[in-house]
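Note: the block below is protein_20.txt and it holds compact mmCIF, C-alpha atoms.
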```
# COMPACT_ATOMS: atom_id res chain seq x y z
CA MET D 1 124.17 91.91 145.15
CA THR D 2 127.35 91.03 147.09
CA LYS D 3 128.68 87.57 146.32
CA LYS D 4 131.00 85.25 148.24
CA SER D 5 134.43 86.82 148.57
CA ASP D 6 136.41 83.69 149.39
CA VAL D 7 136.82 82.85 145.71
CA TYR D 8 137.47 85.04 142.70
CA TYR D 9 135.60 84.98 139.40
CA TYR D 10 137.64 83.83 136.41
CA PRO D 11 136.11 80.65 134.95
CA THR D 12 137.92 78.50 132.40
CA GLU D 13 135.60 79.52 129.58
CA LEU D 14 136.28 83.21 130.22
CA SER D 15 140.03 82.57 130.15
CA ALA D 16 139.66 80.75 126.83
CA ARG D 17 137.60 83.60 125.43
CA LEU D 18 140.19 86.16 126.54
CA ILE D 19 143.01 84.18 124.93
CA SER D 20 141.09 83.92 121.67
CA CYS D 21 140.11 87.60 121.56
CA VAL D 22 143.62 88.83 122.36
CA SER D 23 145.15 86.44 119.83
CA HIS D 24 142.87 87.85 117.14
CA GLY D 25 143.37 91.49 118.09
CA GLU D 26 139.72 92.02 119.07
CA ARG D 27 140.01 95.08 121.31
CA GLU D 28 136.30 95.70 121.80
CA GLN D 29 135.70 92.16 123.02
CA VAL D 30 138.73 92.34 125.32
CA ASP D 31 137.32 95.55 126.84
CA GLN D 32 134.03 93.76 127.47
CA ILE D 33 135.78 90.81 129.11
CA PHE D 34 137.70 93.05 131.50
CA ASP D 35 134.52 94.99 132.31
CA MET D 36 133.00 91.67 133.36
CA ILE D 37 136.08 90.65 135.35
CA LYS D 38 136.16 93.97 137.19
CA ASP D 39 132.43 93.97 137.84
CA GLU D 40 132.45 90.45 139.25
CA ASN D 41 135.60 90.82 141.34
CA THR D 42 135.58 94.43 142.54
CA GLU D 43 131.91 95.44 142.49
CA LYS D 44 130.15 92.21 143.49
CA ARG D 45 132.93 90.79 145.67
CA SER D 46 135.36 92.10 148.23
CA LEU D 47 138.49 90.08 147.57
CA SER D 48 141.49 89.92 149.87
CA ASN D 49 144.85 91.12 148.56
CA ASN D 50 146.03 87.53 148.20
CA LEU D 51 143.00 86.51 146.15
CA MET D 52 143.44 89.54 143.94
CA LYS D 53 147.07 88.53 143.35
CA PHE D 54 145.97 85.00 142.41
CA LEU D 55 143.38 86.43 140.01
CA CYS D 56 145.95 88.65 138.31
CA SER D 57 148.35 85.70 138.13
CA ASP D 58 145.72 83.60 136.35
CA ILE D 59 144.98 86.41 133.90
CA ARG D 60 148.72 86.82 133.31
CA ASN D 61 148.98 83.11 132.43
CA SER D 62 146.13 83.51 129.93
CA LEU D 63 147.86 86.49 128.36
CA LEU D 64 151.13 84.57 128.15
CA ARG D 65 149.34 81.88 126.15
CA ALA D 66 147.91 84.55 123.88
CA ARG D 67 151.35 86.15 123.51
CA ASN D 68 152.86 82.84 122.41
CA SER D 69 150.34 82.61 119.57
CA ILE D 70 151.28 86.00 118.08
CA LYS D 71 153.74 85.91 115.21
CA GLU D 72 156.52 88.47 115.23
CA ASN D 73 157.16 90.53 112.12
CA ASP D 74 158.86 93.77 111.16
CA GLU D 75 155.77 95.82 112.08
CA ASN D 76 155.17 94.50 115.58
CA ALA D 77 158.65 93.45 116.73
CA GLU D 78 159.31 96.63 118.70
CA LYS D 79 155.84 96.57 120.25
CA LEU D 80 156.24 92.93 121.29
CA LYS D 81 159.56 93.72 122.94
CA LYS D 82 157.88 96.37 125.11
CA VAL D 83 154.94 94.09 125.86
CA ASP D 84 157.21 91.26 126.92
CA GLY D 85 158.75 93.60 129.46
CA MET D 86 155.30 94.26 130.93
CA PHE D 87 154.98 90.60 131.96
CA ALA D 88 157.84 91.09 134.45
CA GLU D 89 156.06 93.95 136.19
CA LYS D 90 153.77 93.65 139.21
CA LEU D 91 150.35 93.24 137.66
CA THR D 92 147.02 94.68 138.82
CA LEU D 93 143.69 94.35 137.03
CA ALA D 94 144.37 97.70 135.36
CA THR D 95 147.84 96.73 134.14
CA CYS D 96 146.53 93.32 133.02
CA GLU D 97 144.00 95.14 130.85
CA ASP D 98 146.71 97.44 129.46
CA LEU D 99 148.81 94.38 128.68
CA ALA D 100 145.90 92.63 126.96
CA LEU D 101 145.13 95.65 124.78
CA SER D 102 148.79 96.08 123.87
CA LEU D 103 148.86 92.43 122.81
CA CYS D 104 145.76 93.07 120.70
CA ASP D 105 147.66 95.74 118.79
CA CYS D 106 150.57 93.36 118.24
CA ALA D 107 148.25 90.56 117.10
CA PHE D 108 146.52 92.84 114.63
CA THR D 109 149.77 93.97 112.98
CA ALA D 110 150.85 90.32 112.77
CA LYS D 111 147.96 89.51 110.44
CA ASP D 112 147.96 89.84 106.72
CA GLU D 113 145.01 91.38 104.93
CA GLY D 114 143.56 87.98 104.05
CA ASP D 115 143.41 87.01 107.73
CA ILE D 116 141.72 90.30 108.60
CA ILE D 117 139.01 89.82 105.99
CA LYS D 118 138.50 86.22 107.12
CA ASP D 119 137.91 87.44 110.68
CA ILE D 120 135.59 90.20 109.47
CA LYS D 121 133.51 87.73 107.44
CA ALA D 122 133.16 85.53 110.53
CA TYR D 123 132.13 88.60 112.54
CA ILE D 124 129.48 89.51 109.95
CA ASP D 125 128.12 85.96 109.97
CA GLU D 126 127.73 86.16 113.75
CA ASN D 127 126.30 89.69 113.88
CA TYR D 128 124.24 90.10 110.68
CA ALA D 129 121.07 90.48 112.79
CA ASP D 130 122.44 93.65 114.42
CA PRO D 131 120.72 96.63 112.72
CA SER D 132 123.68 98.87 113.61
CA LEU D 133 126.18 96.68 111.77
CA GLY D 134 127.93 98.85 109.24
CA LEU D 135 131.26 100.24 108.07
CA ALA D 136 131.70 102.36 111.21
CA LYS D 137 131.01 99.56 113.67
CA ILE D 138 133.25 97.05 111.93
CA GLY D 139 135.95 99.68 111.52
CA ASP D 140 135.85 100.42 115.25
CA THR D 141 135.84 96.72 116.14
CA PHE D 142 138.85 95.86 113.99
CA GLY D 143 140.74 99.14 114.27
CA LEU D 144 140.33 100.11 110.62
CA SER D 145 139.29 103.36 109.04
CA GLU D 146 135.98 103.16 107.15
CA SER D 147 137.62 104.06 103.85
CA TYR D 148 140.41 101.50 104.21
CA PHE D 149 138.02 98.76 105.29
CA SER D 150 135.64 99.53 102.42
CA HIS D 151 138.48 99.42 99.89
CA LEU D 152 140.04 96.26 101.38
CA PHE D 153 136.74 94.40 101.52
CA LYS D 154 135.87 95.18 97.90
CA GLU D 155 139.36 94.20 96.78
CA LYS D 156 139.41 90.85 98.60
CA ILE D 157 135.75 89.78 98.29
CA GLY D 158 134.83 91.29 94.95
CA VAL D 159 131.68 93.07 96.13
CA ASN D 160 131.21 96.05 98.41
CA PHE D 161 130.39 95.57 102.07
CA SER D 162 126.75 96.66 101.89
CA SER D 163 126.02 94.23 99.04
CA TYR D 164 127.72 91.40 100.92
CA LEU D 165 125.77 92.11 104.11
CA GLU D 166 122.53 92.33 102.12
CA SER D 167 123.21 88.93 100.54
CA ILE D 168 123.85 87.37 103.96
CA ARG D 169 120.61 88.79 105.34
CA MET D 170 118.61 87.64 102.31
CA LYS D 171 120.03 84.11 102.60
CA LYS D 172 119.15 84.02 106.31
CA SER D 173 115.60 85.23 105.64
CA TYR D 174 115.22 82.61 102.88
CA ASP D 175 116.37 79.90 105.29
CA LEU D 176 113.95 81.10 107.98
CA ILE D 177 111.00 80.78 105.61
CA ARG D 178 112.08 77.42 104.18
CA GLU D 179 112.72 75.94 107.61
CA ASN D 180 109.57 77.35 109.23
CA PRO D 181 106.72 77.95 106.74
CA ASP D 182 104.43 79.08 109.55
CA ILE D 183 106.68 81.97 110.52
CA ASN D 184 105.08 85.38 110.84
CA VAL D 185 106.37 87.28 107.82
CA SER D 186 106.17 90.59 109.66
CA ASP D 187 108.73 89.29 112.17
CA ILE D 188 111.36 88.18 109.66
CA PHE D 189 112.87 91.59 108.95
CA LEU D 190 113.75 92.04 112.64
CA LYS D 191 115.45 88.65 112.79
CA VAL D 192 117.83 89.48 109.95
CA GLY D 193 118.87 93.00 110.92
CA TYR D 194 116.44 95.35 109.18
CA ASN D 195 114.79 98.26 110.97
CA ASN D 196 112.13 98.76 108.32
CA ALA D 197 109.74 96.12 106.98
CA ASN D 198 109.22 97.92 103.67
CA SER D 199 112.96 98.08 102.98
CA PHE D 200 113.27 94.40 103.76
CA ARG D 201 110.39 93.43 101.45
CA ARG D 202 111.79 95.56 98.63
CA VAL D 203 115.22 93.93 98.82
CA PHE D 204 113.70 90.46 99.22
CA LYS D 205 111.53 90.85 96.12
CA LYS D 206 114.49 92.19 94.13
CA THR D 207 116.54 89.17 95.21
CA TYR D 208 113.99 86.37 94.82
CA ASN D 209 111.43 87.91 92.45
CA MET D 210 108.66 87.35 94.99
CA THR D 211 107.61 88.76 98.34
CA PRO D 212 108.37 86.96 101.62
CA GLY D 213 104.67 86.14 101.93
CA GLN D 214 104.58 84.63 98.45
CA MET D 215 107.62 82.51 99.20
CA ARG D 216 106.09 81.28 102.44
CA ASP D 217 102.88 80.33 100.61
CA SER D 218 104.84 78.47 97.95
CA VAL D 219 106.69 76.51 100.67
CA LYS D 220 103.42 75.61 102.34
```
Encoded form using structure tokens:
Amino acid sequence: MTKKSDVYYYPTELSARLISCVSHGEREQVDQIFDMIKDENTEKRSLSNNLMKFLCSDIRNSLLRARNSIKENDENAEKLKKVDGMFAEKLTLATCEDLALSLCDCAFTAKDEGDIIKDIKAYIDENYADPSLGLAKIGDTFGLSESYFSHLFKEKIGVNFSSYLESIRMKKSYDLIRENPDINVSDIFLKVGYNNANSFRRVFKKTYNMTPGQMRDSVK
């Protein structure tokens, strides 16, 4: 559906989200944001050249704010120098996206391992219900190899990733039952990221020494 073309789409909340994602080196999320920007402004609208310039100028200002939040170190100094030069160029949506992704790389190398793990834990807490959440997906999201991520996580957290994710899912399922004793037990496994009800029940019983149904009955 064609939308009004006398105004471009770049709301304040989207700008804030872009700044945050770039500042934290979250390439996948930045890609998604630019897909939305392009869809709204080039597919659903027919903007004039002037409006497109204003849009790119607003995105540039967001990226400048993100740039100012990135610490320079020995690893990213050369990259940041090149990126800073990109701000002086004439920007299009495509070059804005290239600039944003380049800043993501600089932001990532500015972090220490503790910061990376902190961000990954927050990501797991937000996405534990995703059945596809695993070493590969997190590695792709944060630009880490599976082997490095697995080693780093175990070193910093003290347990391997799969055990940590399992504990999060078990805690969430426990909370669901305690907060809503009338919940349909057969629906719980889907809400906490399991594809298979039997696998969920087996892990739950191992964790709490009772089945989900037994826990629900005890709460009632």
Neighbour residues at most 10 Å from (125.4, 91.0, 104.6) (only C-alpha atoms) as a PyMOL selection string: chain D and resi 121+124-125+127-129+133-134+160-172+192-193
Place a sphere of radius 12 Å on (134.0, 91.0, 142.6) in the file coordinates and name every protein, DNA or RNA residue with an atom inside or on its surface, counting all atoms listed in the file; give the answer as a list in words. Met1, Thr2, Lys3, Lys4, Ser5, Asp6, Val7, Tyr8, Tyr9, Tyr10, Phe34, Asp35, Met36, Ile37, Lys38, Asp39, Glu40, Asn41, Thr42, Glu43, Lys44, Arg45, Ser46, Leu47, Ser48, Leu51, Met52, Leu55 and Leu93 of chain D
Atomic separation - atom CA of Val185 of chain D relative to atom CA of Pro212 of chain D, Å: 6.5 Å
Measuring between all atoms listed in the file, which one of D:Arg17, D:Lys154, D:His24, D:Lys191 shows the shortest distance to Ile59 of chain D?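 Using all atoms listed in the file, the shortest distance to Ile59 of chain D belongs to D:Arg17.
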Fewer than 6 positions away in the same chain doesn't count, so skip those; otherwise give me all residues within 12 Å of segment 136-147 of chain D, counting all atoms listed in the file, as a PyMOL selection string. chain D and resi 21-22+24-32+101+104-105+107-109+111+113+115-124+127-128+130+153-154+160-162+165
Which residues are close to Leu63 of chain D, i.e. within 12 Å by all atoms listed in the file, leaving aside same-chain residues fewer than 5 positions away? Reply as a PyMOL selection string. chain D and resi 15-23+30+56-58+68-70+83-84+86-87+91+95-104+107
Rank nothing, just name the residue among D:Ala94, D:Leu64, D:Cys106, D:Leu190 nearest to Leu80 of chain D, using all atoms listed in the file. D:Cys106
Looking at all atoms listed in the file, which of D:Pro131, D:Lys79, D:Lys71, D:Arg178 is the one that sits closest to Asn196 of chain D?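 Selected residue with least distance to Asn196 of chain D: D:Pro131.
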How far is it from atom CA of Asn61 of chain D to atom CA of Pro11 of chain D, in Å with one decimal?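 Atom-to-atom, atom CA of Asn61 of chain D and atom CA of Pro11 of chain D are spaced 13.3 Å apart.
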Give me, please, the distance in Å between atom CA of Ile183 of chain D and atom CA of Asn198 of chain D, quoted to one decimal.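 Pair atom CA of Ile183 of chain D / atom CA of Asn198 of chain D returns 17.5 Å.
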Hey, what's within 9 Å of Met215 of chain D if we count all atoms listed in the file and toss same-chain stuff fewer than 6 positions away? As a list in words, please?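 My list of contacting residues is Tyr174, Ile177, Arg178, Pro181 and Tyr208 of chain D.
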Selected residue of minimal separation from Asp175 of chain D among D:Arg65, D:Lys81, D:Lys53, D:Arg216, counting only C-alpha atoms: D:Arg216
